[in-house]
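Asks: Take a look at the following structure, please.
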Protein chains: 2
Amino acid sequence: VALYATTAAVRRHAELIADAEAAGHRVDLVSDDVMAAMADTVTPQGLLAVCRLVDVALDVVVAGRPRLVAVLANVRDPGNAGTVIRAADAAGARAVVLAGDSVDVHNPKCVRSTAGSLFHLSVVSGVALADAVATLRSAGLQVVATAGSGQTSLDDLLDDPDTALRLPTAWVFGNEGWGLSPDDQGLADLVVRVPIYGQAESLNLAAAATVCLYASAFAQRRANSP
Amino acid sequence: VALYATTAAVRRHAELIADAEAAGHRVDLVSDDVMAAMADTVTPQGLLAVCRLVDVALDVVVAGRPRLVAVLANVRDPGNAGTVIRAADAAGARAVVLAGDSVDVHNPKCVRSTAGSLFHLSVVSGVALADAVATLRSAGLQVVATAGSGQTSLDDLLDDPDTALRLPTAWVFGNEGWGLSPDDQGLADLVVRVPIYGQAESLNLAAAATVCLYASAFAQRRANSP
């Protein structure tokens with residue numbers, strides 16, 4: 001909608017500013033003091049854009065027949081949620097659903113953690129986990145929950161020649177502190193654990209999500225190649 | 001060496017305190033004010049332990065014939081380094097080498113990000129990247145660097161029936177901002193990229209490291225199972 005830039009940023013990002021103007025966006029020059037007052041960070045980068053909200057309805061997402069979706073259930077930390085959105089984008093997921101009491105995707109720290117990925121895939125908010133799972137399942141995606149106590153190891157899924165990993169999948173990840181409740185795990189078709197081979201108690205949320213999403217991405221691509 | 005606890009923490013972690021005392025460790029009760037002055041965090045958890053430094057010499061590490069090692073080259077952010085140490089532990093790596101100008105593993109934020117994993121595997125510090133690579137290679141590990149511009153996709157390695165991923169491997173990860181320099185990449189036997197299937201410019205360091213380390217862990221375990 002609008003772009004604000006300090007003189008230093010205009011000099012540093014001349015090409016970006018020119019692109020924005022050429023695309024018909026309004027660009028306003030502001031002083032360092034004004035930028036500091038507008039920005040959320042302690043040391044602003046000198047560029048601040050006003051954007052439209054990115055929420056998309058889940059019905060619109062499933063109409064696009066996605067093959068890989070990440071669902072975050074009650075994930076509260078904005079940095080974690082943003083990092084998962086970035087990893088989901090990298091792994092080729094089409095959407096991330098922030099279900100239940102998950103953090104708002106427009107939280108400034110979440111926005112920054114996505115490194116732009118919130119504009120690359122669809123982000124769905126304000127939907128209960130059970131409703132999200134029901135909608136995704138009826139759109140043909142299997143629903144795979146992750147939990148440290150999951151009966152199936154991700155490793156076993158990789159070994160399966162008819163691995164379910166190649167099927168369209170919605171991965172469900174729980175809160176960074178307490179994971180997925182038994183009730184929430186019960187909503188899934190399968191509860192998978194990322195195996196821990198060392199002595200770590202667990203992986204952090206973003207690391208576990210990245211391993212799972214890439215496992216699906218690799219398996220789906222292998223299944224579809226000649 | 002010593003454990004300091006507030007009264008609230010003693011009540012909350014009675015079993016842990018008892019274990020520490022039974023193991024012969026000194027436990028001192030401190031006021032909230034003293035804890036606040038000793039601790040690095042804004043809201044201390046009420047427990048503070050004094051520990052010995054964890055550095056181990058690389059020669060000691062390779063004498064243990066490790067099959068999976070992570071090398072961080074000039075990784076500056078303590079949270080990133082700690083998160084990689086935690087992921088390396090989870091994936092069963094035996095050691096993490098903080099090479100070149102990497103952050104000190106004893107940095108408080110790094111310590112916290114490891115979630116205890118700095119005590120589970122060996123951490124090597126104060127070694128130049130070229131020296132670390134030479135020592136690891138002569139100990140029989142292949143050296144695989146990661147870079148967004150890497151000629152080999154991790155996906156192609158997975159597809160290789162004689163995949164090099166099953167061999168003892170030292171993964172080299174570069175700085176979170178600018179990656180590995182061409183010279184540093186040149187030290188490796190192979191330069192691999194984690195494929196980006198969506199529109200993300202890159203994965204963050206810890207996410208990329210986790211995917212690579214788990215790819216090795218899965219392949220090594222599959223190679224060793226009947």
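Residue numbers start at 1 in each chain; chains themselves are named A, B, ... in the order of the structure tokens; ligands are numbered from 1 in the order shown.
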Should the cut-off be 6 Å, what would the residue list for chain B against chain A look like, counting only C-alpha atoms, as a PyMOL selection string?

Replies: chain B and resi 89-92+117+196-198+200+207+211

Asks: Could you please write out, as an MDAnalysis selection string, every residue of chain B that DSSP assigns to helix (DSSP H, G or I)?

Replies: chainID B and resid 7:12 14:22 32:38 58:63 78:90 108:113 117:119 129:138 154:159 164:166 182:186 205:224

Asks: Would you work out the distance separating atom CA of Asp189 of chain B from atom CA of Ser153 of chain B, expressed in Å to one decimal?

Replies: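 About the pair atom CA of Asp189 of chain B and atom CA of Ser153 of chain B: they are 14.3 Å apart.
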
Asks: DSSP on the backbone: what in chain B comes out strand (DSSP E), as a PyMOL selection string?

Replies: chain B and resi 2-5+26-29+47-50+68-73+95-99+122-127+142-146+152-153+169-173+190-193

Asks: Using N, CA and C atoms, can you write the selected residues to a file as a short mmCIF file (atom, residue, chain, number, x, y, z; two decimals), in the first residue's frame?

Replies:
data_model
loop_
_atom_site.label_atom_id
_atom_site.label_comp_id
_atom_site.auth_asym_id
_atom_site.auth_seq_id
_atom_site.Cartn_x
_atom_site.Cartn_y
_atom_site.Cartn_z
N ALA B 2 28.50 -25.97 41.46
CA ALA B 2 27.63 -25.41 42.49
C ALA B 2 26.27 -25.13 41.90
N LEU B 3 25.27 -25.16 42.76
CA LEU B 3 23.90 -24.88 42.31
C LEU B 3 23.29 -23.85 43.25
N TYR B 4 22.73 -22.81 42.69
CA TYR B 4 22.05 -21.77 43.46
C TYR B 4 20.56 -21.82 43.14
N ALA B 5 19.73 -21.71 44.17
CA ALA B 5 18.29 -21.83 43.95
C ALA B 5 17.54 -20.86 44.85
N ARG B 26 27.21 -28.88 45.81
CA ARG B 26 26.82 -27.87 46.78
C ARG B 26 25.58 -27.12 46.28
N VAL B 27 24.58 -26.99 47.12
CA VAL B 27 23.37 -26.24 46.76
C VAL B 27 23.20 -25.09 47.75
N ASP B 28 23.15 -23.87 47.23
CA ASP B 28 22.99 -22.69 48.08
C ASP B 28 21.66 -22.02 47.79
N LEU B 29 20.97 -21.68 48.85
CA LEU B 29 19.72 -20.95 48.73
C LEU B 29 20.05 -19.46 48.60
N LEU B 47 16.90 -21.17 39.17
CA LEU B 47 17.99 -22.15 39.33
C LEU B 47 19.17 -21.67 38.52
N LEU B 48 20.35 -21.68 39.13
CA LEU B 48 21.55 -21.26 38.40
C LEU B 48 22.68 -22.20 38.81
N ALA B 49 23.29 -22.83 37.82
CA ALA B 49 24.37 -23.77 38.11
C ALA B 49 25.70 -23.22 37.59
N VAL B 50 26.75 -23.42 38.35
CA VAL B 50 28.11 -23.12 37.89
C VAL B 50 28.69 -24.43 37.36
N LEU B 68 29.18 -38.81 12.65
CA LEU B 68 28.42 -37.62 12.27
C LEU B 68 28.88 -36.44 13.13
N VAL B 69 29.34 -35.39 12.45
CA VAL B 69 29.87 -34.20 13.13
C VAL B 69 29.32 -32.96 12.40
N ALA B 70 29.00 -31.93 13.15
CA ALA B 70 28.59 -30.65 12.55
C ALA B 70 29.69 -29.62 12.79
N VAL B 71 30.05 -28.91 11.73
CA VAL B 71 31.07 -27.86 11.83
C VAL B 71 30.41 -26.53 11.49
N LEU B 72 30.49 -25.57 12.40
CA LEU B 72 29.95 -24.24 12.15
C LEU B 72 31.10 -23.29 11.83
N ALA B 73 31.05 -22.68 10.65
CA ALA B 73 32.12 -21.78 10.21
C ALA B 73 31.67 -20.34 10.36
N ALA B 95 29.67 -34.64 17.81
CA ALA B 95 30.40 -33.42 18.13
C ALA B 95 29.94 -32.27 17.26
N VAL B 96 30.11 -31.07 17.80
CA VAL B 96 29.93 -29.83 17.03
C VAL B 96 31.21 -29.03 17.15
N VAL B 97 31.76 -28.62 16.00
CA VAL B 97 32.98 -27.82 15.98
C VAL B 97 32.60 -26.37 15.68
N LEU B 98 32.94 -25.46 16.59
CA LEU B 98 32.69 -24.03 16.37
C LEU B 98 33.99 -23.44 15.81
N ALA B 99 34.10 -23.44 14.47
CA ALA B 99 35.36 -23.10 13.81
C ALA B 99 35.42 -21.62 13.47
N SER B 122 30.25 -33.56 22.26
CA SER B 122 31.50 -32.81 22.42
C SER B 122 31.43 -31.52 21.63
N VAL B 123 31.86 -30.43 22.24
CA VAL B 123 31.92 -29.15 21.56
C VAL B 123 33.39 -28.73 21.46
N VAL B 124 33.82 -28.46 20.23
CA VAL B 124 35.21 -28.07 19.97
C VAL B 124 35.24 -26.60 19.58
N SER B 125 36.13 -25.83 20.16
CA SER B 125 36.22 -24.40 19.85
C SER B 125 37.65 -24.02 19.48
N GLY B 126 37.81 -22.82 18.95
CA GLY B 126 39.12 -22.23 18.75
C GLY B 126 39.98 -22.96 17.74
N VAL B 127 39.35 -23.48 16.69
CA VAL B 127 40.12 -24.15 15.64
C VAL B 127 39.78 -23.49 14.30
N GLN B 142 34.01 -37.91 5.39
CA GLN B 142 33.89 -37.04 4.23
C GLN B 142 33.41 -35.68 4.73
N VAL B 143 33.81 -34.64 4.00
CA VAL B 143 33.47 -33.28 4.41
C VAL B 143 32.49 -32.71 3.40
N VAL B 144 31.27 -32.44 3.85
CA VAL B 144 30.21 -31.94 2.98
C VAL B 144 29.83 -30.53 3.42
N ALA B 145 30.04 -29.58 2.53
CA ALA B 145 29.67 -28.19 2.82
C ALA B 145 28.26 -27.93 2.32
N THR B 146 27.59 -26.97 2.93
CA THR B 146 26.25 -26.58 2.47
C THR B 146 26.31 -25.15 1.96
N THR B 152 25.16 -29.96 -5.95
CA THR B 152 24.40 -31.18 -5.69
C THR B 152 23.23 -30.86 -4.76
N SER B 153 22.03 -31.31 -5.14
CA SER B 153 20.88 -31.12 -4.27
C SER B 153 20.83 -32.25 -3.26
N THR B 169 30.32 -38.61 8.08
CA THR B 169 30.23 -37.28 7.45
C THR B 169 30.41 -36.16 8.46
N ALA B 170 31.21 -35.18 8.05
CA ALA B 170 31.27 -33.90 8.76
C ALA B 170 30.57 -32.86 7.88
N TRP B 171 29.46 -32.32 8.36
CA TRP B 171 28.73 -31.27 7.63
C TRP B 171 29.30 -29.92 8.03
N VAL B 172 29.53 -29.06 7.04
CA VAL B 172 30.03 -27.72 7.32
C VAL B 172 28.94 -26.70 6.97
N PHE B 173 28.56 -25.89 7.97
CA PHE B 173 27.54 -24.86 7.78
C PHE B 173 28.17 -23.49 7.97
N LEU B 190 32.42 -32.05 -1.18
CA LEU B 190 31.14 -31.94 -1.89
C LEU B 190 30.43 -30.71 -1.34
N VAL B 191 29.79 -29.95 -2.23
CA VAL B 191 28.99 -28.80 -1.78
C VAL B 191 27.53 -29.07 -2.11
N VAL B 192 26.71 -29.14 -1.10
CA VAL B 192 25.32 -29.56 -1.25
C VAL B 192 24.39 -28.40 -0.92
N ARG B 193 23.29 -28.30 -1.64
CA ARG B 193 22.26 -27.32 -1.30
C ARG B 193 21.02 -28.06 -0.82
#

Asks: Between A:Leu187, A:Leu136, A:Leu157, A:Asp131, which is the closest to Val60 of chain A once you count only C-alpha atoms?

Replies: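 Closest to Val60 of chain A of all the choices is A:Leu136.
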
Asks: Point out the residue among A:Gly24, A:Pro168, A:Gly64, A:Gly148 with the least atom-to-atom distance to Gln185 of chain A, counting only C-alpha atoms.

Replies: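 Selected residue with least distance to Gln185 of chain A: A:Gly148.
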
Asks: Which of these, B:Leu167, B:Ala130, B:Leu180, B:Ala14, has the shortest distance to Arg67 of chain B once you count only C-alpha atoms?

Replies: B:Leu167

Asks: Do a neighbour search on segment 30-41 of chain A at 6 Å with only C-alpha atoms, toss out local chain neighbours closer than 2 positions, and write the hits as a PDB file with N, CA, C and O atoms, in the first residue's frame.

Replies:
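So the final result, stored in result_6.pdb, reads:
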ATOM      1  N   ALA A   5      10.791   5.276   3.548  1.00  0.00           N
ATOM      2  CA  ALA A   5      12.236   5.006   3.496  1.00  0.00           C
ATOM      3  C   ALA A   5      13.012   6.198   4.023  1.00  0.00           C
ATOM      4  O   ALA A   5      12.630   7.345   3.799  1.00  0.00           O
ATOM      5  N   THR A   6      14.088   5.919   4.740  1.00  0.00           N
ATOM      6  CA  THR A   6      15.013   6.980   5.148  1.00  0.00           C
ATOM      7  C   THR A   6      15.955   7.282   3.975  1.00  0.00           C
ATOM      8  O   THR A   6      16.072   6.463   3.044  1.00  0.00           O
ATOM      9  N   THR A  43      16.678  -1.209  16.067  1.00  0.00           N
ATOM     10  CA  THR A  43      17.483  -0.627  14.993  1.00  0.00           C
ATOM     11  C   THR A  43      16.813  -0.907  13.657  1.00  0.00           C
ATOM     12  O   THR A  43      17.133  -1.890  12.986  1.00  0.00           O
ATOM     13  N   PRO A  44      15.877  -0.017  13.260  1.00  0.00           N
ATOM     14  CA  PRO A  44      15.116  -0.256  12.015  1.00  0.00           C
ATOM     15  C   PRO A  44      16.044  -0.275  10.806  1.00  0.00           C
ATOM     16  O   PRO A  44      17.089   0.396  10.808  1.00  0.00           O
TER      17      PRO A  44
END

Asks: By how many Å are atom CA of Asp59 of chain A and atom CA of Gly179 of chain A apart?

Replies: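 Atom-to-atom, atom CA of Asp59 of chain A to atom CA of Gly179 of chain A, that is 26.4 Å.
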